[in-house]
file my_file_14.pdb (PDB, C-alpha atoms, pLDDT in the B column)
ATOM      1  CA  MET A   1      48.665  73.694  61.825  1.00 95.00           C
ATOM      2  CA  GLN A   2      51.898  74.503  60.050  1.00 98.00           C
ATOM      3  CA  TYR A   3      52.551  75.834  56.567  1.00 98.00           C
ATOM      4  CA  TRP A   4      55.147  74.756  54.028  1.00 98.00           C
ATOM      5  CA  LEU A   5      56.325  75.239  50.478  1.00 98.00           C
ATOM      6  CA  VAL A   6      57.649  72.423  48.294  1.00 98.00           C
ATOM      7  CA  LYS A   7      59.404  72.937  44.985  1.00 97.00           C
ATOM      8  CA  SER A   8      59.336  70.781  41.902  1.00 96.00           C
ATOM      9  CA  GLU A   9      60.672  71.357  38.437  1.00 95.00           C
ATOM     10  CA  PRO A  10      57.566  71.115  36.232  1.00 95.00           C
ATOM     11  CA  GLU A  11      59.390  68.971  33.686  1.00 95.00           C
ATOM     12  CA  VAL A  12      60.194  66.471  36.471  1.00 95.00           C
ATOM     13  CA  TYR A  13      56.891  66.524  38.415  1.00 97.00           C
ATOM     14  CA  SER A  14      54.258  69.099  37.537  1.00 97.00           C
ATOM     15  CA  TRP A  15      51.164  70.279  39.368  1.00 98.00           C
ATOM     16  CA  GLU A  16      49.109  68.738  36.558  1.00 97.00           C
ATOM     17  CA  GLN A  17      50.727  65.336  37.119  1.00 98.00           C
ATOM     18  CA  PHE A  18      50.221  65.679  40.877  1.00 98.00           C
ATOM     19  CA  VAL A  19      46.500  66.347  40.352  1.00 98.00           C
ATOM     20  CA  LYS A  20      46.281  63.372  37.992  1.00 98.00           C
ATOM     21  CA  ASP A  21      48.047  61.131  40.553  1.00 98.00           C
ATOM     22  CA  LYS A  22      45.727  62.399  43.368  1.00 98.00           C
ATOM     23  CA  ARG A  23      48.444  61.631  45.948  1.00 98.00           C
ATOM     24  CA  THR A  24      52.205  61.206  45.985  1.00 98.00           C
ATOM     25  CA  PHE A  25      55.122  60.668  48.291  1.00 97.00           C
ATOM     26  CA  TRP A  26      57.542  63.596  48.152  1.00 97.00           C
ATOM     27  CA  ASP A  27      60.873  61.933  47.387  1.00 95.00           C
ATOM     28  CA  GLY A  28      64.299  62.848  46.114  1.00 90.00           C
ATOM     29  CA  VAL A  29      65.100  65.297  48.917  1.00 94.00           C
ATOM     30  CA  ARG A  30      68.833  65.091  49.600  1.00 95.00           C
ATOM     31  CA  ASN A  31      69.396  68.179  51.703  1.00 95.00           C
ATOM     32  CA  TYR A  32      69.449  67.825  55.491  1.00 96.00           C
ATOM     33  CA  GLN A  33      67.620  71.072  56.184  1.00 96.00           C
ATOM     34  CA  ALA A  34      64.845  70.161  53.709  1.00 97.00           C
ATOM     35  CA  ARG A  35      64.715  66.663  55.237  1.00 97.00           C
ATOM     36  CA  ASN A  36      64.378  68.146  58.721  1.00 98.00           C
ATOM     37  CA  ASN A  37      61.520  70.302  57.450  1.00 98.00           C
ATOM     38  CA  MET A  38      59.771  67.201  56.101  1.00 98.00           C
ATOM     39  CA  GLN A  39      60.253  65.434  59.435  1.00 98.00           C
ATOM     40  CA  ALA A  40      58.491  68.366  61.126  1.00 98.00           C
ATOM     41  CA  MET A  41      55.425  68.122  58.867  1.00 98.00           C
ATOM     42  CA  GLU A  42      52.179  66.952  60.466  1.00 98.00           C
ATOM     43  CA  LYS A  43      49.066  65.465  58.930  1.00 98.00           C
ATOM     44  CA  GLY A  44      46.766  68.293  57.813  1.00 98.00           C
ATOM     45  CA  ASP A  45      49.540  70.859  57.324  1.00 98.00           C
ATOM     46  CA  GLN A  46      49.016  73.076  54.283  1.00 98.00           C
ATOM     47  CA  VAL A  47      51.617  73.166  51.519  1.00 98.00           C
ATOM     48  CA  ILE A  48      52.207  75.579  48.654  1.00 98.00           C
ATOM     49  CA  PHE A  49      53.234  73.661  45.506  1.00 98.00           C
ATOM     50  CA  TYR A  50      55.862  75.730  43.698  1.00 98.00           C
ATOM     51  CA  HIS A  51      57.202  75.207  40.185  1.00 97.00           C
ATOM     52  CA  SER A  52      60.915  75.964  40.140  1.00 94.00           C
ATOM     53  CA  SER A  53      63.216  76.046  37.114  1.00 88.00           C
ATOM     54  CA  ASP A  54      62.115  78.465  34.395  1.00 87.00           C
ATOM     55  CA  VAL A  55      58.568  78.957  35.750  1.00 91.00           C
ATOM     56  CA  LYS A  56      59.347  80.089  39.324  1.00 95.00           C
ATOM     57  CA  ALA A  57      55.771  80.380  40.573  1.00 97.00           C
ATOM     58  CA  ALA A  58      53.456  79.030  43.255  1.00 98.00           C
ATOM     59  CA  VAL A  59      50.744  77.107  41.418  1.00 98.00           C
ATOM     60  CA  GLY A  60      48.699  75.121  43.919  1.00 98.00           C
ATOM     61  CA  ILE A  61      47.832  74.088  47.450  1.00 98.00           C
ATOM     62  CA  ALA A  62      48.470  70.606  48.805  1.00 98.00           C
ATOM     63  CA  GLU A  63      47.986  68.930  52.161  1.00 98.00           C
ATOM     64  CA  VAL A  64      50.165  66.563  54.170  1.00 98.00           C
ATOM     65  CA  VAL A  65      48.290  63.251  54.429  1.00 98.00           C
ATOM     66  CA  LYS A  66      51.068  61.074  55.899  1.00 98.00           C
ATOM     67  CA  THR A  67      54.003  62.157  58.053  1.00 98.00           C
ATOM     68  CA  ALA A  68      57.657  61.319  57.432  1.00 98.00           C
ATOM     69  CA  TYR A  69      58.707  57.728  56.760  1.00 98.00           C
ATOM     70  CA  PRO A  70      61.802  56.178  55.117  1.00 97.00           C
ATOM     71  CA  ASP A  71      62.294  57.155  51.473  1.00 97.00           C
ATOM     72  CA  PRO A  72      61.500  54.011  49.446  1.00 96.00           C
ATOM     73  CA  THR A  73      63.688  55.199  46.555  1.00 95.00           C
ATOM     74  CA  THR A  74      66.955  54.806  48.476  1.00 95.00           C
ATOM     75  CA  ASP A  75      68.638  52.413  50.888  1.00 94.00           C
ATOM     76  CA  GLU A  76      70.173  55.315  52.807  1.00 94.00           C
ATOM     77  CA  PRO A  77      68.345  55.588  56.153  1.00 94.00           C
ATOM     78  CA  ALA A  78      68.934  59.348  56.457  1.00 95.00           C
ATOM     79  CA  TRP A  79      66.250  60.268  53.915  1.00 97.00           C
ATOM     80  CA  VAL A  80      62.484  60.463  54.347  1.00 98.00           C
ATOM     81  CA  VAL A  81      59.335  61.217  52.368  1.00 98.00           C
ATOM     82  CA  VAL A  82      55.908  62.551  53.263  1.00 98.00           C
ATOM     83  CA  ASP A  83      52.662  61.898  51.430  1.00 98.00           C
ATOM     84  CA  LEU A  84      50.879  64.874  49.904  1.00 98.00           C
ATOM     85  CA  LYS A  85      47.553  65.278  48.143  1.00 98.00           C
ATOM     86  CA  PRO A  86      46.499  68.187  45.948  1.00 98.00           C
ATOM     87  CA  VAL A  87      43.799  70.441  47.396  1.00 98.00           C
ATOM     88  CA  ARG A  88      43.282  73.031  44.680  1.00 98.00           C
ATOM     89  CA  PRO A  89      45.168  75.097  42.132  1.00 98.00           C
ATOM     90  CA  LEU A  90      45.789  78.747  42.867  1.00 97.00           C
ATOM     91  CA  LYS A  91      43.509  81.088  40.893  1.00 95.00           C
ATOM     92  CA  LYS A  92      46.620  82.214  39.025  1.00 96.00           C
ATOM     93  CA  PRO A  93      50.309  81.393  39.455  1.00 97.00           C
ATOM     94  CA  VAL A  94      52.117  83.681  41.904  1.00 97.00           C
ATOM     95  CA  THR A  95      55.589  84.338  40.545  1.00 96.00           C
ATOM     96  CA  LEU A  96      58.761  84.657  42.564  1.00 95.00           C
ATOM     97  CA  ALA A  97      58.960  88.306  41.486  1.00 95.00           C
ATOM     98  CA  GLU A  98      55.451  88.906  42.865  1.00 96.00           C
ATOM     99  CA  ILE A  99      56.346  87.147  46.126  1.00 95.00           C
ATOM    100  CA  LYS A 100      59.511  89.225  46.500  1.00 93.00           C
ATOM    101  CA  ALA A 101      57.446  92.386  45.967  1.00 94.00           C
ATOM    102  CA  MET A 102      55.019  91.526  48.782  1.00 93.00           C
ATOM    103  CA  PRO A 103      55.520  93.376  52.083  1.00 87.00           C
ATOM    104  CA  ASP A 104      57.437  91.466  54.748  1.00 86.00           C
ATOM    105  CA  MET A 105      58.455  88.612  52.434  1.00 91.00           C
ATOM    106  CA  ASN A 106      62.189  89.395  52.542  1.00 84.00           C
ATOM    107  CA  ASN A 107      62.791  86.812  55.275  1.00 85.00           C
ATOM    108  CA  VAL A 108      60.880  83.923  53.707  1.00 91.00           C
ATOM    109  CA  ALA A 109      63.229  81.007  52.995  1.00 91.00           C
ATOM    110  CA  LEU A 110      62.110  81.024  49.349  1.00 92.00           C
ATOM    111  CA  VAL A 111      63.896  84.356  48.970  1.00 89.00           C
ATOM    112  CA  ARG A 112      66.804  83.803  51.397  1.00 89.00           C
ATOM    113  CA  GLN A 113      67.611  80.171  50.532  1.00 89.00           C
ATOM    114  CA  ALA A 114      66.630  79.843  46.900  1.00 85.00           C
ATOM    115  CA  ARG A 115      67.965  76.283  46.540  1.00 88.00           C
ATOM    116  CA  LEU A 116      66.055  74.818  49.507  1.00 93.00           C
ATOM    117  CA  SER A 117      63.348  72.483  48.138  1.00 95.00           C
ATOM    118  CA  VAL A 118      61.151  72.088  51.242  1.00 97.00           C
ATOM    119  CA  LEU A 119      60.743  75.124  53.443  1.00 97.00           C
ATOM    120  CA  PRO A 120      58.556  76.456  56.234  1.00 97.00           C
ATOM    121  CA  LEU A 121      56.192  79.383  55.880  1.00 97.00           C
ATOM    122  CA  THR A 122      54.466  81.371  58.558  1.00 96.00           C
ATOM    123  CA  GLN A 123      50.683  81.538  58.381  1.00 96.00           C
ATOM    124  CA  GLN A 124      50.994  85.150  57.227  1.00 95.00           C
ATOM    125  CA  GLU A 125      53.458  84.238  54.434  1.00 96.00           C
ATOM    126  CA  TYR A 126      51.216  81.371  53.332  1.00 97.00           C
ATOM    127  CA  GLU A 127      48.129  83.597  53.266  1.00 96.00           C
ATOM    128  CA  MET A 128      49.926  86.342  51.374  1.00 95.00           C
ATOM    129  CA  ILE A 129      50.956  83.913  48.633  1.00 96.00           C
ATOM    130  CA  VAL A 130      47.443  82.454  48.402  1.00 96.00           C
ATOM    131  CA  LYS A 131      45.900  85.935  48.284  1.00 93.00           C
ATOM    132  CA  GLY A 132      48.408  86.922  45.599  1.00 87.00           C
ATOM    133  CA  ALA A 133      46.767  84.440  43.261  1.00 71.00           C
TER     134      ALA A 133
END

call {"tool": "encode", "arguments": {"input": "my_file_14.pdb", "output": "structure tokens"}}
result
Amino acid sequence: MQYWLVKSEPEVYSWEQFVKDKRTFWDGVRNYQARNNMQAMEKGDQVIFYHSSDVKAAVGIAEVVKTAYPDPTTDEPAWVVVDLKPVRPLKKPVTLAEIKAMPDMNNVALVRQARLSVLPLTQQEYEMIVKGA
């Protein structure tokens, strides 16, 4: 199993809307590194759902339920989506400041590449964020 973090601006697509939808395809990714990360996702992988923008906090856990396929929102063949379903909210949001303060989190892509919208996590990084809630 692999671990990931996906970012969404809450005013564009919030955790609450995701829970209401029960499943979604993760679209709108127009960065090659983020796209490559989505192509590497496997069914069953665990995903931290992170609110970017003003909130800047991990808020929930999702799961990959369908691997990469062509993005239906564009005719450009370079872009893909994956299907995600919500698993559960975190007990409390874990802010970016809290994540940065955790030991050994300096190398996580969330800190190093702040603009990357889909990024890998190690199992340890994933567990530290979940435990931070």

call {"tool": "closest_residue", "arguments": {"input": "my_file_14.pdb", "among": "A:Glu98, A:Asp54, A:Glu42, A:Glu127", "to": "Glu9 of chain A", "atoms": "only C-alpha atoms"}}
result
A:Asp54

call {"tool": "closest_residue", "arguments": {"input": "my_file_14.pdb", "among": "A:Glu63, A:Asp27, A:Asp45, A:Glu11", "to": "Pro86 of chain A", "atoms": "all atoms listed in the file"}}
result
A:Glu63

call {"tool": "atom_distance", "arguments": {"input": "my_file_14.pdb", "atom1": "atom CA of Ala62 of chain A", "atom2": "atom CA of Val82 of chain A"}}
result
11.8 Å

call {"tool": "closest_residue", "arguments": {"input": "my_file_14.pdb", "among": "A:Asn36, A:Val47, A:Tyr126, A:Thr24", "to": "Ala68 of chain A", "atoms": "all atoms listed in the file"}}
result
A:Asn36

call {"tool": "atom_distance", "arguments": {"input": "my_file_14.pdb", "atom1": "atom CA of Gln113 of chain A", "atom2": "atom CA of Tyr32 of chain A"}}
result
13.4 Å

call {"tool": "closest_residue", "arguments": {"input": "my_file_14.pdb", "among": "A:Arg115, A:Arg88, A:Lys22, A:Lys131", "to": "Gly60 of chain A", "atoms": "all atoms listed in the file"}}
result
A:Arg88

call {"tool": "atom_distance", "arguments": {"input": "my_file_14.pdb", "atom1": "atom CA of Thr122 of chain A", "atom2": "atom CA of Trp4 of chain A"}}
result
8.0 Å

call {"tool": "residues_around", "arguments": {"input": "my_file_14.pdb", "residues": "Gln123 of chain A", "least_positions_apart": "4", "cutoff": "9 Å", "atoms": "all atoms listed in the file", "output": "PyMOL selection string"}}
result
chain A and resi 1-3+127-128

call {"tool": "closest_residue", "arguments": {"input": "my_file_14.pdb", "among": "A:Lys85, A:Trp79, A:Ser53, A:Val108", "to": "Asn31 of chain A", "atoms": "all atoms listed in the file"}}
result
A:Trp79

call {"tool": "decode", "arguments": {"input": "my_file_14.pdb", "residues": "segment 18-52 of chain A", "atoms": "N, CA and C atoms", "output": "PDB file, in the first residue's frame"}}
result
ATOM      1  N   PHE A  18     -17.158  16.432  -0.413  1.00  0.00           N
ATOM      2  CA  PHE A  18     -16.644  15.096  -0.746  1.00  0.00           C
ATOM      3  C   PHE A  18     -17.436  14.018  -0.006  1.00  0.00           C
ATOM      4  N   VAL A  19     -17.661  14.217   1.289  1.00  0.00           N
ATOM      5  CA  VAL A  19     -18.427  13.261   2.086  1.00  0.00           C
ATOM      6  C   VAL A  19     -19.857  13.161   1.544  1.00  0.00           C
ATOM      7  N   LYS A  20     -20.439  14.296   1.212  1.00  0.00           N
ATOM      8  CA  LYS A  20     -21.797  14.307   0.666  1.00  0.00           C
ATOM      9  C   LYS A  20     -21.860  13.550  -0.668  1.00  0.00           C
ATOM     10  N   ASP A  21     -20.827  13.736  -1.510  1.00  0.00           N
ATOM     11  CA  ASP A  21     -20.783  13.072  -2.819  1.00  0.00           C
ATOM     12  C   ASP A  21     -20.518  11.565  -2.698  1.00  0.00           C
ATOM     13  N   LYS A  22     -19.850  11.147  -1.628  1.00  0.00           N
ATOM     14  CA  LYS A  22     -19.498   9.742  -1.342  1.00  0.00           C
ATOM     15  C   LYS A  22     -18.402   9.169  -2.241  1.00  0.00           C
ATOM     16  N   ARG A  23     -18.111   9.822  -3.347  1.00  0.00           N
ATOM     17  CA  ARG A  23     -17.069   9.384  -4.275  1.00  0.00           C
ATOM     18  C   ARG A  23     -16.883  10.497  -5.299  1.00  0.00           C
ATOM     19  N   THR A  24     -15.648  10.656  -5.769  1.00  0.00           N
ATOM     20  CA  THR A  24     -15.404  11.656  -6.802  1.00  0.00           C
ATOM     21  C   THR A  24     -14.208  11.251  -7.638  1.00  0.00           C
ATOM     22  N   PHE A  25     -14.142  11.804  -8.856  1.00  0.00           N
ATOM     23  CA  PHE A  25     -12.891  11.673  -9.595  1.00  0.00           C
ATOM     24  C   PHE A  25     -12.101  12.942  -9.349  1.00  0.00           C
ATOM     25  N   TRP A  26     -10.794  12.770  -9.119  1.00  0.00           N
ATOM     26  CA  TRP A  26      -9.916  13.884  -8.755  1.00  0.00           C
ATOM     27  C   TRP A  26      -9.404  14.512 -10.046  1.00  0.00           C
ATOM     28  N   ASP A  27     -10.032  15.619 -10.439  1.00  0.00           N
ATOM     29  CA  ASP A  27      -9.719  16.243 -11.729  1.00  0.00           C
ATOM     30  C   ASP A  27      -9.058  17.599 -11.551  1.00  0.00           C
ATOM     31  N   GLY A  28      -8.731  18.202 -12.671  1.00  0.00           N
ATOM     32  CA  GLY A  28      -8.163  19.545 -12.659  1.00  0.00           C
ATOM     33  C   GLY A  28      -6.667  19.598 -12.439  1.00  0.00           C
ATOM     34  N   VAL A  29      -6.012  18.461 -12.328  1.00  0.00           N
ATOM     35  CA  VAL A  29      -4.564  18.434 -12.108  1.00  0.00           C
ATOM     36  C   VAL A  29      -3.873  18.756 -13.426  1.00  0.00           C
ATOM     37  N   ARG A  30      -3.083  19.819 -13.432  1.00  0.00           N
ATOM     38  CA  ARG A  30      -2.392  20.248 -14.645  1.00  0.00           C
ATOM     39  C   ARG A  30      -0.900  20.487 -14.380  1.00  0.00           C
ATOM     40  N   ASN A  31      -0.349  19.624 -13.576  1.00  0.00           N
ATOM     41  CA  ASN A  31       1.071  19.636 -13.264  1.00  0.00           C
ATOM     42  C   ASN A  31       1.574  18.222 -13.528  1.00  0.00           C
ATOM     43  N   TYR A  32       2.662  18.098 -14.292  1.00  0.00           N
ATOM     44  CA  TYR A  32       3.123  16.764 -14.688  1.00  0.00           C
ATOM     45  C   TYR A  32       3.565  15.910 -13.507  1.00  0.00           C
ATOM     46  N   GLN A  33       4.202  16.506 -12.521  1.00  0.00           N
ATOM     47  CA  GLN A  33       4.636  15.722 -11.372  1.00  0.00           C
ATOM     48  C   GLN A  33       3.414  15.213 -10.588  1.00  0.00           C
ATOM     49  N   ALA A  34       2.415  16.066 -10.389  1.00  0.00           N
ATOM     50  CA  ALA A  34       1.190  15.637  -9.706  1.00  0.00           C
ATOM     51  C   ALA A  34       0.477  14.561 -10.531  1.00  0.00           C
ATOM     52  N   ARG A  35       0.458  14.732 -11.855  1.00  0.00           N
ATOM     53  CA  ARG A  35      -0.156  13.728 -12.727  1.00  0.00           C
ATOM     54  C   ARG A  35       0.560  12.391 -12.598  1.00  0.00           C
ATOM     55  N   ASN A  36       1.893  12.433 -12.592  1.00  0.00           N
ATOM     56  CA  ASN A  36       2.666  11.196 -12.443  1.00  0.00           C
ATOM     57  C   ASN A  36       2.366  10.518 -11.104  1.00  0.00           C
ATOM     58  N   ASN A  37       2.176  11.322 -10.070  1.00  0.00           N
ATOM     59  CA  ASN A  37       1.809  10.758  -8.769  1.00  0.00           C
ATOM     60  C   ASN A  37       0.455  10.064  -8.852  1.00  0.00           C
ATOM     61  N   MET A  38      -0.498  10.677  -9.548  1.00  0.00           N
ATOM     62  CA  MET A  38      -1.817  10.053  -9.691  1.00  0.00           C
ATOM     63  C   MET A  38      -1.720   8.761 -10.499  1.00  0.00           C
ATOM     64  N   GLN A  39      -0.869   8.735 -11.498  1.00  0.00           N
ATOM     65  CA  GLN A  39      -0.699   7.517 -12.297  1.00  0.00           C
ATOM     66  C   GLN A  39      -0.096   6.383 -11.467  1.00  0.00           C
ATOM     67  N   ALA A  40       0.624   6.719 -10.410  1.00  0.00           N
ATOM     68  CA  ALA A  40       1.242   5.709  -9.555  1.00  0.00           C
ATOM     69  C   ALA A  40       0.289   5.188  -8.477  1.00  0.00           C
ATOM     70  N   MET A  41      -0.854   5.825  -8.310  1.00  0.00           N
ATOM     71  CA  MET A  41      -1.806   5.408  -7.279  1.00  0.00           C
ATOM     72  C   MET A  41      -2.421   4.058  -7.629  1.00  0.00           C
ATOM     73  N   GLU A  42      -2.620   3.242  -6.595  1.00  0.00           N
ATOM     74  CA  GLU A  42      -3.237   1.926  -6.743  1.00  0.00           C
ATOM     75  C   GLU A  42      -4.512   1.864  -5.919  1.00  0.00           C
ATOM     76  N   LYS A  43      -5.418   1.015  -6.332  1.00  0.00           N
ATOM     77  CA  LYS A  43      -6.657   0.812  -5.594  1.00  0.00           C
ATOM     78  C   LYS A  43      -6.317   0.394  -4.162  1.00  0.00           C
ATOM     79  N   GLY A  44      -6.963   1.036  -3.192  1.00  0.00           N
ATOM     80  CA  GLY A  44      -6.719   0.743  -1.782  1.00  0.00           C
ATOM     81  C   GLY A  44      -5.708   1.658  -1.122  1.00  0.00           C
ATOM     82  N   ASP A  45      -4.948   2.423  -1.912  1.00  0.00           N
ATOM     83  CA  ASP A  45      -3.998   3.368  -1.318  1.00  0.00           C
ATOM     84  C   ASP A  45      -4.745   4.368  -0.443  1.00  0.00           C
ATOM     85  N   GLN A  46      -4.095   4.793   0.632  1.00  0.00           N
ATOM     86  CA  GLN A  46      -4.682   5.746   1.567  1.00  0.00           C
ATOM     87  C   GLN A  46      -4.241   7.168   1.227  1.00  0.00           C
ATOM     88  N   VAL A  47      -5.165   8.106   1.389  1.00  0.00           N
ATOM     89  CA  VAL A  47      -4.945   9.480   0.937  1.00  0.00           C
ATOM     90  C   VAL A  47      -5.369  10.456   2.036  1.00  0.00           C
ATOM     91  N   ILE A  48      -4.485  11.373   2.371  1.00  0.00           N
ATOM     92  CA  ILE A  48      -4.836  12.471   3.266  1.00  0.00           C
ATOM     93  C   ILE A  48      -5.497  13.555   2.410  1.00  0.00           C
ATOM     94  N   PHE A  49      -6.668  14.009   2.825  1.00  0.00           N
ATOM     95  CA  PHE A  49      -7.381  15.102   2.152  1.00  0.00           C
ATOM     96  C   PHE A  49      -7.002  16.378   2.884  1.00  0.00           C
ATOM     97  N   TYR A  50      -6.413  17.318   2.142  1.00  0.00           N
ATOM     98  CA  TYR A  50      -5.826  18.526   2.718  1.00  0.00           C
ATOM     99  C   TYR A  50      -6.515  19.756   2.146  1.00  0.00           C
ATOM    100  N   HIS A  51      -6.991  20.627   3.023  1.00  0.00           N
ATOM    101  CA  HIS A  51      -7.557  21.902   2.584  1.00  0.00           C
ATOM    102  C   HIS A  51      -6.419  22.912   2.442  1.00  0.00           C
ATOM    103  N   SER A  52      -6.245  23.416   1.238  1.00  0.00           N
ATOM    104  CA  SER A  52      -5.226  24.437   1.002  1.00  0.00           C
ATOM    105  C   SER A  52      -5.866  25.815   1.164  1.00  0.00           C
TER     106      SER A  52
END
